[in-house]
Amino acid sequence: MHLLAMATAAGLVPGSRTAFSAPLNDYELPPYGNVSLLHFTDCHAQLMPIYFREPSVNIGVGGSLSKPPHLVGKHFLKAYGISPGTKEAYAFTCLDFEHAAKIYGKVGGFAHLSTLVKKMRASRPGALLLDGGDSWQGSATSLWTNGQDMVDACKLLGVDVMTGHWEFTYGAERVKEVVDKDFKGKIDFLAQNVQTADFGDPVFKHYAIREINGIPVAIIGQAFPYTPIANPRYMTPDWTFGIQEDNMQQTVNEARAKGAAVIVLLSHNGMDVDLKMAGRITGIDAILGGHTHDGVPAPVVVKNAKGQTLVTNAGSNGKFLGVLDLDVKGGKVAGYRYKLLPVFSNLLDPDPEMEELIKKVRKPFEGKLAEKLAVTEGLLYRRGNFNGTFDQLILDALIEMKGADAAFSPGFRWGTSLLPGEAITMEHLMDQTAITYPQTTTTAMTGETIKAILEDVLDNLFNPDPYKQQGGDMVRVGRITYTCDLTQGYGKRIDNLALNGKRMEAGKKYKIAGWAPVAQGAKGEPVWEVVASYLREKQVISPRKLNEPKLIGVEGNLGIA
Amino acid sequence: MILQRRPFLKGIAAAFLVGLLRPVELLAATWNKTAFSAKTVMDAMMDAGYGGAADSTDIVLKVPDIAEDGSIVPVEVTSNIPGTVSMAIFAEKNPNPLVADFFFSDGAEPYVATHIKMAKTSTVRVAVKAGDKVYTTGKEIKVTIGGCGG
């Protein structure tokens with residue numbers, strides 16, 4: 001690697017700052033090297049431009065403490081040399097979000113992304129477009145078309161290779177149908193870490209070798225390792241997932257033996273898992289990662305026993321396009337440039353062909369999508385380790401509509417944002433809830449069970465070993481308050497559990513409302529219907545008061561804005 | 001072209017699996033009631049004849065980091081220790097930690113792939129006997145209630 005390239009990427013030299021704050025509105029990115037890869041991930045089926053507020057709480061513990069991607073707000077700006085008040089600050093952080101959103105407008109949208117992809121391809125002949133997964137889920141139209149709108153949109157966008165996670169929540173058969181029919185001869189769906197549960201036979205191709213300007217480039221796929229744990233296992237009952245390091249190293253070695261000069265891992269591990277893996281698996285040049293929705297402007301360079309691996313993460317919701325340019329000389333990567341381009345919808349003309357497809361997809365649903373349920377007075381968003389205002393709204397609705405003592409809402413990281421004064425439409429509500437297991441539930445739980453659940457989910461987020469994390473956020477709780485000591489280990493982080501200010505009792509039962517059960521056979525009204533009824537009744541939604549735990553042991557943590 | 005064995009082998013799968021071990025040998029060994037009823041891993045290892053086992057990197061234990069289903073956790077063990085005669089699996093926090101004890105007759109490859117049931121997150125330990133020496137290794141497997149991811 002060129003030292004300068006590394007220093008620039010790490011934001012260490014003054015030059016990087018100049019480069020970063022250079023105007024992006026013309027999207028002129030000088031080409032470099034001879035192998036280019038374009039990467040987007042976790043678009044969550046957002047075909048239209050949206051607002052998306054980045055988190056103000058994204059805490060790292062253990063080896064991830066205050067390191068990328070666990071930097072937010074002003075700490076983020078400082079680390080990457082971004083000036084406050086700029087459109088880059090708006091794209092990458094939560095700072096001054098409402099104000100900045102009014103100035104810089106919406107982000108993403110497949111028609112705008114398509115224009116940017118075409119622009120990059122024009123200056124980078126042979127470039128491949130990689131989709132890190134979570135493309136088929138997250139919107140009303142994707143749910144109502146069984147993912148078909150996104151399958152068609154991704155094909156039109158020119159995706160070459162993809163891997164998956166939420167795709168699997170449409171069921172194994174649906175995934176195979178798309179891979180074998182729609183994608184055949186066009187898009188390689190890759191996953192080295194999915195096998196049949198009986199004999200351990202591969203379900204998907206592990207890797208693909210594509211030539212770029214005569215250079216053989218291997219792309220390996222890594223699906224989300226904990227899909228059957230984080231999502232319903234009955235969706236893929238005959239498949240087993242996991243991180244599968246041995247198989248990964250074997251796959252890398254095999255691809256090298258077949259002549260690959262460059263090896264890139266298209267990963268849905270989540271960034272902390274990718275960082276650990278990069279230090280343990282040798283021979284991967286770059287990991288283009290997703291799942292944790294971290295918009296990280298510069299790759300993290302990880303050293304391992306035989307060299308080094310670049311680790312990136314390209315945000316979510318169609319907000320970013322990652323551009324990795326490699327200079328390959330003598331069968332080896334000799335230098336690189338990386339840029340994570342925010343997709344500012346106002347600065348890119350929509351691609352007419354993609355715009356046409358999106359119109360066609362939406363047409364049958366226009367009336368339903370546009371229904372105005374209520375008007376929000378405050379900012380609504382989801383992303384953050386412990387709660388978001390839209391989740392608070394869902395919790396408030398569940399408690400009231402179900403007559404529950406308290407409520408749980410899953411720590412999903414997708415879901416768009418709404419500015420104060422905007423109408424909340426059915427489409428917006430579906431952006432937060434469109435899943436294939438949307439049932440609402442009410443369960444009588446003892447105080448002891450409630451504590452056990454909260455401790456369990458906390459450990460999925462804050463276990464010091466990234467391989468034992470699942471990459472979602474903490475389950476949101478309505479009405480229940482607690483303290484959370486992040487210096488402690490499993491089962492010992494939570495204390496002072498209280499309901500409406502009264503200490504909860506271990507043996508007492510409480511009525512808890514929730515949604516998105518992972519167990520098979522759950523019955524209950526879909527969450528969007530419950531929340532829609534609540535919104536129609538309220539008409540005006542006052543700013544939400546966030547219920548978040550009191551954190552202990554996070555002084556000076558750069559993952560808190 | 002991806003070839004999966006499942007559709008072809010459904011009917012005869014069982015025959016292949018049984019071939020790995022010699023049932024006669026297994027039956028010949030007496031059921032070690034004391035070891036299988038032991039409540040702690042220390043007692044179970046002692047009672048099964050693996051007491052004081054030394055840590056070894058020659059036992060290769062392949063398990064998931066997080067179990068997809070605590071009731072059927074895949075465990076794969078290979079012993080690279082010459083002269084391996086038996087191999088036991090323990091789930092440390094199960095009510096009865098000893099899960100299985102396998103005996104290998106002369107020349108049998110000391111490799112076992114099985115599924116075990118785990119009550120909660122704990123270390124899975126494997127102990128191996130070779131000659132009159134005993135060895136061990138372990139790895140933590142997390143068992144979680146799931147949901148909420150992504």
# chains A, B, ... in the order shown; residues from 1 in each chain; ligands from 1

call {"tool": "interface_residues", "arguments": {"of": "chain A", "to": "chain B", "cutoff": "6 Å", "atoms": "only C-alpha atoms", "output": "list of chain:residue names"}}
result
A:Asp201, A:Ile229, A:Ala230, A:Asn231, A:Pro410, A:Gly411, A:Phe412, A:Arg413, A:Gly471, A:Gly472, A:Val518

call {"tool": "write_last_selection", "arguments": {"atoms": "N, CA, C and O atoms", "output": "tab-separated table (two decimals), in the first residue's frame"}}
result
chain	number	residue	atom	x	y	z
A	201	ASP	N	-24.04	-29.37	3.30
A	201	ASP	CA	-23.78	-29.06	1.89
A	201	ASP	C	-24.04	-27.58	1.62
A	201	ASP	O	-24.88	-26.96	2.26
A	229	ILE	N	-31.15	-16.83	14.45
A	229	ILE	CA	-31.27	-16.50	15.87
A	229	ILE	C	-31.98	-15.15	16.02
A	229	ILE	O	-32.91	-14.99	16.80
A	230	ALA	N	-31.55	-14.19	15.22
A	230	ALA	CA	-32.10	-12.84	15.32
A	230	ALA	C	-33.47	-12.76	14.64
A	230	ALA	O	-34.28	-11.90	14.97
A	231	ASN	N	-33.69	-13.61	13.67
A	231	ASN	CA	-34.96	-13.64	12.94
A	231	ASN	C	-35.54	-15.04	13.07
A	231	ASN	O	-34.85	-15.96	13.51
A	410	PRO	N	-38.56	-4.28	19.14
A	410	PRO	CA	-37.23	-4.78	18.79
A	410	PRO	C	-36.25	-3.67	18.40
A	410	PRO	O	-36.67	-2.64	17.88
A	411	GLY	N	-34.97	-3.94	18.62
A	411	GLY	CA	-33.94	-2.95	18.31
A	411	GLY	C	-33.49	-3.01	16.87
A	411	GLY	O	-32.31	-3.21	16.58
A	412	PHE	N	-34.41	-2.85	15.95
A	412	PHE	CA	-34.04	-2.82	14.53
A	412	PHE	C	-33.27	-1.54	14.23
A	412	PHE	O	-33.47	-0.53	14.89
A	413	ARG	N	-32.43	-1.58	13.20
A	413	ARG	CA	-31.65	-0.39	12.85
A	413	ARG	C	-32.13	0.28	11.58
A	413	ARG	O	-31.62	1.32	11.19
A	471	GLY	N	-25.49	-7.52	16.47
A	471	GLY	CA	-25.51	-6.35	15.59
A	471	GLY	C	-26.78	-5.54	15.55
A	471	GLY	O	-26.84	-4.57	14.83
A	472	GLY	N	-27.80	-5.92	16.28
A	472	GLY	CA	-28.98	-5.05	16.36
A	472	GLY	C	-28.79	-4.06	17.49
A	472	GLY	O	-27.72	-3.99	18.09
A	518	VAL	N	-40.31	-14.25	17.24
A	518	VAL	CA	-39.54	-15.14	16.37
A	518	VAL	C	-40.04	-16.58	16.43
A	518	VAL	O	-39.69	-17.40	15.60

call {"tool": "residues_around", "arguments": {"residues": "segment 26-31 of chain A", "least_positions_apart": "3", "cutoff": "12 Å", "atoms": "only C-alpha atoms", "output": "PyMOL selection string"}}
result
chain A and resi 19-20+22-23+34-37+113+115-125+127+321-327+336-344+346-349

call {"tool": "closest_residue", "arguments": {"among": "B:Val75, B:Ala119, B:Ala91, B:Leu98", "to": "Ala35 of chain B", "atoms": "only C-alpha atoms"}}
result
B:Leu98

call {"tool": "residues_around", "arguments": {"residues": "Lys523 of chain A", "least_positions_apart": "5", "cutoff": "12 Å", "atoms": "only C-alpha atoms", "output": "MDAnalysis selection string"}}
result
chainID A and resid 437:442 514:518

call {"tool": "decode", "arguments": {"residues": "segment 468-490 of chain A", "atoms": "N, CA and C atoms", "output": "PDB file, in the first residue's frame"}}
result
ATOM      1  N   LYS A 468     -19.756 -12.752  19.449  1.00  0.00           N
ATOM      2  CA  LYS A 468     -20.944 -13.094  20.258  1.00  0.00           C
ATOM      3  C   LYS A 468     -21.967 -11.965  20.249  1.00  0.00           C
ATOM      4  N   GLN A 469     -21.777 -11.008  19.348  1.00  0.00           N
ATOM      5  CA  GLN A 469     -22.762  -9.933  19.186  1.00  0.00           C
ATOM      6  C   GLN A 469     -23.618 -10.220  17.959  1.00  0.00           C
ATOM      7  N   GLN A 470     -24.837  -9.678  17.982  1.00  0.00           N
ATOM      8  CA  GLN A 470     -25.715  -9.901  16.831  1.00  0.00           C
ATOM      9  C   GLN A 470     -25.956  -8.661  15.987  1.00  0.00           C
ATOM     10  N   GLY A 471     -25.485  -7.520  16.469  1.00  0.00           N
ATOM     11  CA  GLY A 471     -25.506  -6.353  15.591  1.00  0.00           C
ATOM     12  C   GLY A 471     -26.777  -5.542  15.546  1.00  0.00           C
ATOM     13  N   GLY A 472     -27.803  -5.918  16.276  1.00  0.00           N
ATOM     14  CA  GLY A 472     -28.981  -5.054  16.356  1.00  0.00           C
ATOM     15  C   GLY A 472     -28.795  -4.064  17.490  1.00  0.00           C
ATOM     16  N   ASP A 473     -29.818  -3.283  17.778  1.00  0.00           N
ATOM     17  CA  ASP A 473     -29.759  -2.403  18.939  1.00  0.00           C
ATOM     18  C   ASP A 473     -30.545  -3.025  20.087  1.00  0.00           C
ATOM     19  N   MET A 474     -30.512  -2.354  21.236  1.00  0.00           N
ATOM     20  CA  MET A 474     -31.195  -2.847  22.433  1.00  0.00           C
ATOM     21  C   MET A 474     -32.709  -2.828  22.227  1.00  0.00           C
ATOM     22  N   VAL A 475     -33.379  -3.837  22.792  1.00  0.00           N
ATOM     23  CA  VAL A 475     -34.845  -3.843  22.752  1.00  0.00           C
ATOM     24  C   VAL A 475     -35.330  -2.567  23.455  1.00  0.00           C
ATOM     25  N   ARG A 476     -36.261  -1.887  22.777  1.00  0.00           N
ATOM     26  CA  ARG A 476     -36.799  -0.663  23.358  1.00  0.00           C
ATOM     27  C   ARG A 476     -37.875  -1.026  24.367  1.00  0.00           C
ATOM     28  N   VAL A 477     -37.918  -0.315  25.489  1.00  0.00           N
ATOM     29  CA  VAL A 477     -38.941  -0.621  26.479  1.00  0.00           C
ATOM     30  C   VAL A 477     -39.783   0.614  26.765  1.00  0.00           C
ATOM     31  N   GLY A 478     -41.074   0.411  26.862  1.00  0.00           N
ATOM     32  CA  GLY A 478     -41.990   1.482  27.223  1.00  0.00           C
ATOM     33  C   GLY A 478     -42.339   1.348  28.687  1.00  0.00           C
ATOM     34  N   ARG A 479     -42.239   2.435  29.417  1.00  0.00           N
ATOM     35  CA  ARG A 479     -42.617   2.580  30.836  1.00  0.00           C
ATOM     36  C   ARG A 479     -41.618   1.965  31.813  1.00  0.00           C
ATOM     37  N   ILE A 480     -40.913   0.928  31.446  1.00  0.00           N
ATOM     38  CA  ILE A 480     -39.970   0.311  32.386  1.00  0.00           C
ATOM     39  C   ILE A 480     -38.662   1.094  32.354  1.00  0.00           C
ATOM     40  N   THR A 481     -38.167   1.450  33.530  1.00  0.00           N
ATOM     41  CA  THR A 481     -36.876   2.150  33.606  1.00  0.00           C
ATOM     42  C   THR A 481     -35.859   1.228  34.281  1.00  0.00           C
ATOM     43  N   TYR A 482     -34.601   1.443  33.978  1.00  0.00           N
ATOM     44  CA  TYR A 482     -33.556   0.642  34.610  1.00  0.00           C
ATOM     45  C   TYR A 482     -32.211   1.344  34.490  1.00  0.00           C
ATOM     46  N   THR A 483     -31.264   0.885  35.288  1.00  0.00           N
ATOM     47  CA  THR A 483     -29.901   1.358  35.118  1.00  0.00           C
ATOM     48  C   THR A 483     -29.107   0.248  34.445  1.00  0.00           C
ATOM     49  N   CYS A 484     -28.100   0.648  33.693  1.00  0.00           N
ATOM     50  CA  CYS A 484     -27.371  -0.308  32.887  1.00  0.00           C
ATOM     51  C   CYS A 484     -25.880  -0.014  33.017  1.00  0.00           C
ATOM     52  N   ASP A 485     -25.167  -0.933  33.646  1.00  0.00           N
ATOM     53  CA  ASP A 485     -23.738  -0.742  33.889  1.00  0.00           C
ATOM     54  C   ASP A 485     -22.941  -1.501  32.825  1.00  0.00           C
ATOM     55  N   LEU A 486     -22.368  -0.745  31.902  1.00  0.00           N
ATOM     56  CA  LEU A 486     -21.686  -1.388  30.770  1.00  0.00           C
ATOM     57  C   LEU A 486     -20.281  -1.873  31.117  1.00  0.00           C
ATOM     58  N   THR A 487     -19.860  -1.679  32.359  1.00  0.00           N
ATOM     59  CA  THR A 487     -18.566  -2.253  32.755  1.00  0.00           C
ATOM     60  C   THR A 487     -18.752  -3.700  33.226  1.00  0.00           C
ATOM     61  N   GLN A 488     -20.008  -4.115  33.377  1.00  0.00           N
ATOM     62  CA  GLN A 488     -20.291  -5.460  33.896  1.00  0.00           C
ATOM     63  C   GLN A 488     -20.480  -6.472  32.760  1.00  0.00           C
ATOM     64  N   GLY A 489     -20.510  -7.742  33.158  1.00  0.00           N
ATOM     65  CA  GLY A 489     -20.699  -8.808  32.170  1.00  0.00           C
ATOM     66  C   GLY A 489     -22.111  -9.349  32.164  1.00  0.00           C
ATOM     67  N   TYR A 490     -22.287 -10.489  31.497  1.00  0.00           N
ATOM     68  CA  TYR A 490     -23.603 -11.090  31.293  1.00  0.00           C
ATOM     69  C   TYR A 490     -24.382 -11.253  32.607  1.00  0.00           C
TER      70      TYR A 490
END
